[in-house]
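Heads up: the structure comes next, in structure tokens.
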Amino acid sequence: MRRVVSGLFVSLDGVVQAPNEWQFAFDEEMGAALNDTLETADTILLGRVTFTEWAGYWPTVTSGEDAGFAKWINESPKYVVSSTLDSVDDWENSTLVKGDLAAAVDELRAGEGKDITVAGSPTLVRSLLELDLLDELVLLIHPVVAGGGRRKLFADDAALKRLELVSARPTSSGVVIATYRPVR
């Protein structure tokens with residue numbers, strides 16, 4: 001069975017929104033961790049917000065340092081979880097997922113292939129954790145306080161959810177790459 005894995009940039013105060021506004025460095029070790037995703041996953045789950053932001057950008061990238069990721073994400077099957085979108089046809093290889101999230105994820109897991117990665121999409125990550133559908137959560141914890149006015153990974157009233165630490169390693173820029181698995 002395929003695994004569902006998420007990797008997110010997060011600040012010390014739990015902010016995941018707009019990392020481009022508070023992420024001060026991107027080092028080799030972070031690049032290697034993200035490259036592992038490209039090698040171990042071949043299917044992408046996206047929430048509405050991330051899909052909407054990325055669909056206008058990644059299909060236009062054909063050269064430069066982001067060209068490899070652009071090629072991977074553009075060619076990979078993308079499943080967009082949304083209750084408000086009517087179509088995802090504006091980004092090739094995208095399929096709209098409406099209705100029962102658990103049934104859709106179970107169907108993807110049962111299929112052939114590598115891991116299923118959740119790209120960005122913190123709201124979707126929360127839902128997957130709540131429904132016990134996320135197998136691994138990789139947090140790239142930045143030594144920065146992003147401050148108020150931005151969305152955090154978990155709401156203050158989030159239900160208790162135990163995770164176990166699988167690994168943690170600091171990078172040369174002070175980011176900690178921490179891998180967790182839900183306790184089942």
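Ligands are numbered from 1 in the order shown, residues from 1 within each chain, and chains are lettered A, B, ... in the order they appear in the structure tokens.
Residues in contact with Val15 (chain A) at 7 Å, where only C-alpha atoms are counted and same-chain residues fewer than 6 positions away are skipped, are listed as Ala146, Arg150, Arg151, Lys152 and Leu153 of chain A.
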Listing only residues of region 35-133 of chain A within 12 Å of region 156-162 of chain A, what is the closest atom pair and its distance in Å (to one decimal) for each, using only C-alpha atoms, sorted by chain and residue number ascending, as CSV?
```
residue,atom,partner,partner_atom,distance
A:Arg126,CA,A:Ala158,CA,9.1
A:Ser127,CA,A:Ala158,CA,10.8
A:Leu128,CA,A:Lys161,CA,11.8
A:Leu129,CA,A:Lys161,CA,8.1
A:Glu130,CA,A:Lys161,CA,7.8
A:Leu131,CA,A:Lys161,CA,10.7
A:Asp132,CA,A:Lys161,CA,9.5
```
Every residue of region 22-158 of chain A that DSSP places in strand (DSSP E or B), as a PyMOL selection string: chain A and resi 41-47+78-81+94-97+115-119+136-142+152
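Counting from CA of Asp27 (chain A), the distance to CA of Leu139 (chain A) is 14.9 Å.
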Looking at only C-alpha atoms, which of A:Ser121, A:Thr43, A:Asn20, A:Thr179 is the one that sits closest to Ile141 (chain A)?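 Nearest candidate to Ile141 (chain A) out of A:Ser121, A:Thr43, A:Asn20, A:Thr179: A:Thr179.
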Neighbours of Asn74 (chain A) within 8 Å (only C-alpha atoms; same-chain residues fewer than 2 positions away dropped), as a list in words? Trp58, Pro59, Ala70, Lys71, Trp72, Ser76, Trp91, Glu92 and Asn93 of chain A
Output C-alpha atoms for every residue in the selection just made, as an mmCIF file, in the first residue's frame.
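For reference, again16.cif as written:
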```cif
data_model
loop_
_atom_site.group_PDB
_atom_site.id
_atom_site.type_symbol
_atom_site.label_atom_id
_atom_site.label_comp_id
_atom_site.auth_asym_id
_atom_site.auth_seq_id
_atom_site.Cartn_x
_atom_site.Cartn_y
_atom_site.Cartn_z
ATOM 1 C CA TRP A 58 4.503 26.018 -12.340
ATOM 2 C CA PRO A 59 3.252 25.357 -15.880
ATOM 3 C CA ALA A 70 8.468 22.199 -12.482
ATOM 4 C CA LYS A 71 8.883 19.262 -14.856
ATOM 5 C CA TRP A 72 8.174 16.785 -12.047
ATOM 6 C CA SER A 76 2.843 14.072 -12.148
ATOM 7 C CA TRP A 91 -3.332 22.535 -15.014
ATOM 8 C CA GLU A 92 -2.481 19.415 -16.974
ATOM 9 C CA ASN A 93 -2.705 16.045 -15.174
#
```
Nearby residues (only C-alpha atoms) at most 8 Å from Ser6 (chain A), same-chain spacing under 6 positions excluded, as a list in words: Thr117, Val118, Ala119, Gly120, Val125, Leu134, Glu136, Leu137 and Val138 of chain A
Where in region 1-161 of chain A does DSSP assign alpha helix (DSSP H), given as number ranges by chain? A: 28-40, 48-55, 67-75, 101-110, 122-130
Put those residues in a file: N, CA and C atoms, as a compact mmCIF listing (two decimals), in the first residue's frame.
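Generated file (out_19.txt):
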```
# COMPACT_ATOMS: atom_id res chain seq x y z
N GLU A 28 21.52 23.36 1.34
CA GLU A 28 21.70 22.10 0.61
C GLU A 28 20.93 20.94 1.23
N GLU A 29 20.93 20.86 2.55
CA GLU A 29 20.25 19.76 3.24
C GLU A 29 18.73 19.82 3.03
N MET A 30 18.19 21.03 3.01
CA MET A 30 16.76 21.19 2.74
C MET A 30 16.46 20.76 1.32
N GLY A 31 17.33 21.15 0.40
CA GLY A 31 17.17 20.75 -0.99
C GLY A 31 17.21 19.24 -1.14
N ALA A 32 18.11 18.58 -0.40
CA ALA A 32 18.21 17.12 -0.47
C ALA A 32 16.95 16.47 0.08
N ALA A 33 16.41 17.03 1.16
CA ALA A 33 15.18 16.47 1.75
C ALA A 33 14.03 16.59 0.76
N LEU A 34 13.92 17.73 0.10
CA LEU A 34 12.84 17.91 -0.87
C LEU A 34 13.08 17.06 -2.12
N ASN A 35 14.32 16.87 -2.48
CA ASN A 35 14.65 16.01 -3.61
C ASN A 35 14.24 14.56 -3.33
N ASP A 36 14.35 14.14 -2.06
CA ASP A 36 13.90 12.80 -1.68
C ASP A 36 12.43 12.61 -2.03
N THR A 37 11.65 13.67 -1.84
CA THR A 37 10.23 13.60 -2.18
C THR A 37 10.05 13.32 -3.67
N LEU A 38 10.83 13.99 -4.49
CA LEU A 38 10.72 13.80 -5.93
C LEU A 38 11.05 12.37 -6.33
N GLU A 39 11.95 11.76 -5.60
CA GLU A 39 12.38 10.40 -5.92
C GLU A 39 11.44 9.34 -5.36
N THR A 40 10.76 9.63 -4.26
CA THR A 40 9.95 8.61 -3.60
C THR A 40 8.45 8.76 -3.84
N ARG A 48 -7.18 23.37 -2.31
CA ARG A 48 -7.64 24.40 -3.24
C ARG A 48 -6.71 25.60 -3.31
N VAL A 49 -6.30 26.11 -2.15
CA VAL A 49 -5.48 27.33 -2.14
C VAL A 49 -4.14 27.09 -2.83
N THR A 50 -3.46 26.01 -2.46
CA THR A 50 -2.17 25.72 -3.08
C THR A 50 -2.34 25.48 -4.57
N PHE A 51 -3.36 24.72 -4.94
CA PHE A 51 -3.60 24.48 -6.36
C PHE A 51 -3.79 25.80 -7.11
N THR A 52 -4.63 26.67 -6.59
CA THR A 52 -4.94 27.93 -7.26
C THR A 52 -3.68 28.78 -7.43
N GLU A 53 -2.84 28.82 -6.39
CA GLU A 53 -1.61 29.60 -6.46
C GLU A 53 -0.61 28.98 -7.43
N TRP A 54 -0.45 27.67 -7.37
CA TRP A 54 0.58 27.00 -8.15
C TRP A 54 0.19 26.80 -9.61
N ALA A 55 -1.09 26.63 -9.90
CA ALA A 55 -1.52 26.36 -11.28
C ALA A 55 -1.18 27.51 -12.22
N ALA A 67 13.44 24.41 -12.82
CA ALA A 67 12.93 23.66 -13.97
C ALA A 67 12.73 22.18 -13.66
N GLY A 68 13.62 21.59 -12.86
CA GLY A 68 13.48 20.17 -12.53
C GLY A 68 12.22 19.89 -11.74
N PHE A 69 11.97 20.72 -10.72
CA PHE A 69 10.75 20.55 -9.93
C PHE A 69 9.52 20.83 -10.79
N ALA A 70 9.61 21.86 -11.62
CA ALA A 70 8.47 22.20 -12.48
C ALA A 70 8.12 21.03 -13.40
N LYS A 71 9.12 20.41 -13.98
CA LYS A 71 8.88 19.26 -14.86
C LYS A 71 8.21 18.14 -14.08
N TRP A 72 8.73 17.86 -12.88
CA TRP A 72 8.17 16.78 -12.05
C TRP A 72 6.71 17.07 -11.69
N ILE A 73 6.44 18.26 -11.18
CA ILE A 73 5.08 18.55 -10.72
C ILE A 73 4.10 18.68 -11.88
N ASN A 74 4.56 19.22 -13.00
CA ASN A 74 3.67 19.36 -14.15
C ASN A 74 3.31 18.01 -14.76
N GLU A 75 4.25 17.07 -14.76
CA GLU A 75 4.00 15.77 -15.37
C GLU A 75 3.34 14.77 -14.42
N LEU A 101 -13.25 12.41 1.30
CA LEU A 101 -11.79 12.46 1.24
C LEU A 101 -11.18 11.11 1.58
N ALA A 102 -11.68 10.46 2.62
CA ALA A 102 -11.13 9.16 3.03
C ALA A 102 -11.23 8.13 1.92
N ALA A 103 -12.36 8.07 1.25
CA ALA A 103 -12.55 7.11 0.16
C ALA A 103 -11.60 7.41 -0.99
N ALA A 104 -11.43 8.68 -1.32
CA ALA A 104 -10.54 9.06 -2.41
C ALA A 104 -9.09 8.71 -2.08
N VAL A 105 -8.66 8.99 -0.86
CA VAL A 105 -7.28 8.68 -0.46
C VAL A 105 -7.08 7.17 -0.39
N ASP A 106 -8.05 6.46 0.13
CA ASP A 106 -7.94 4.99 0.17
C ASP A 106 -7.79 4.41 -1.23
N GLU A 107 -8.52 4.96 -2.18
CA GLU A 107 -8.43 4.49 -3.57
C GLU A 107 -7.03 4.77 -4.15
N LEU A 108 -6.50 5.96 -3.88
CA LEU A 108 -5.16 6.30 -4.35
C LEU A 108 -4.11 5.39 -3.71
N ARG A 109 -4.25 5.16 -2.41
CA ARG A 109 -3.30 4.30 -1.69
C ARG A 109 -3.29 2.88 -2.24
N ALA A 110 -4.44 2.41 -2.64
CA ALA A 110 -4.55 1.03 -3.11
C ALA A 110 -3.98 0.85 -4.52
N PRO A 122 -1.71 23.20 3.97
CA PRO A 122 -1.82 22.89 5.40
C PRO A 122 -3.22 22.52 5.86
N THR A 123 -4.24 23.10 5.27
CA THR A 123 -5.61 22.73 5.65
C THR A 123 -5.87 21.27 5.31
N LEU A 124 -5.42 20.84 4.15
CA LEU A 124 -5.55 19.44 3.76
C LEU A 124 -4.74 18.54 4.67
N VAL A 125 -3.54 18.96 5.05
CA VAL A 125 -2.70 18.18 5.96
C VAL A 125 -3.43 17.97 7.28
N ARG A 126 -4.04 19.03 7.81
CA ARG A 126 -4.80 18.90 9.06
C ARG A 126 -5.93 17.88 8.91
N SER A 127 -6.66 17.97 7.81
CA SER A 127 -7.77 17.03 7.57
C SER A 127 -7.27 15.60 7.47
N LEU A 128 -6.17 15.40 6.76
CA LEU A 128 -5.62 14.05 6.63
C LEU A 128 -5.18 13.49 7.98
N LEU A 129 -4.59 14.34 8.82
CA LEU A 129 -4.20 13.89 10.16
C LEU A 129 -5.42 13.54 11.00
N GLU A 130 -6.43 14.41 10.96
CA GLU A 130 -7.66 14.16 11.74
C GLU A 130 -8.33 12.86 11.33
```
CA of Thr95 (chain A) to CA of Tyr79 (chain A), distance in Å rounded to a single decimal: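 Going from CA of Thr95 (chain A) over to CA of Tyr79 (chain A), I get 4.9 Å.
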Selection: 10 Å around Phe26 (chain A), only C-alpha atoms, excl. self and same-chain fewer than 5 positions, as a list in words: Gly31, His142, Thr171, Ser172, Ser173 and Val175 of chain A
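Proximity ranking of A:Thr62, A:Ser94, A:Ser11, A:Gln23 relative to Gly47 (chain A) places A:Ser94 first, based on only C-alpha atoms.
Counting only C-alpha atoms and comparing A:Lys114, A:Ser82, A:Asp100, A:Pro182, the residue that lies closest to Leu133 (chain A) is A:Pro182.
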Measuring between only C-alpha atoms, which one of A:Lys98, A:Leu45, A:Val16, A:Gly147 shows the shortest distance to Asp86 (chain A)?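 Ranking A:Lys98, A:Leu45, A:Val16, A:Gly147 by distance to Asp86 (chain A), first place goes to A:Lys98.
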Nearest to Ala155 (chain A) among A:Asp13, A:Glu65, A:Val81, A:Ile116, with distances taken over only C-alpha atoms: which residue is it? A:Asp13
Point-to-point distance in Å for CA of Ala18 (chain A) and CA of Pro143 (chain A):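 CA of Ala18 (chain A) lies at a distance of 15.5 Å from CA of Pro143 (chain A).
Minimum atom-to-atom distance to Asp115 (chain A), evaluated using only C-alpha atoms, belongs to A:Ile44 out of A:Leu96, A:Ile44, A:Leu8, A:Ala25.
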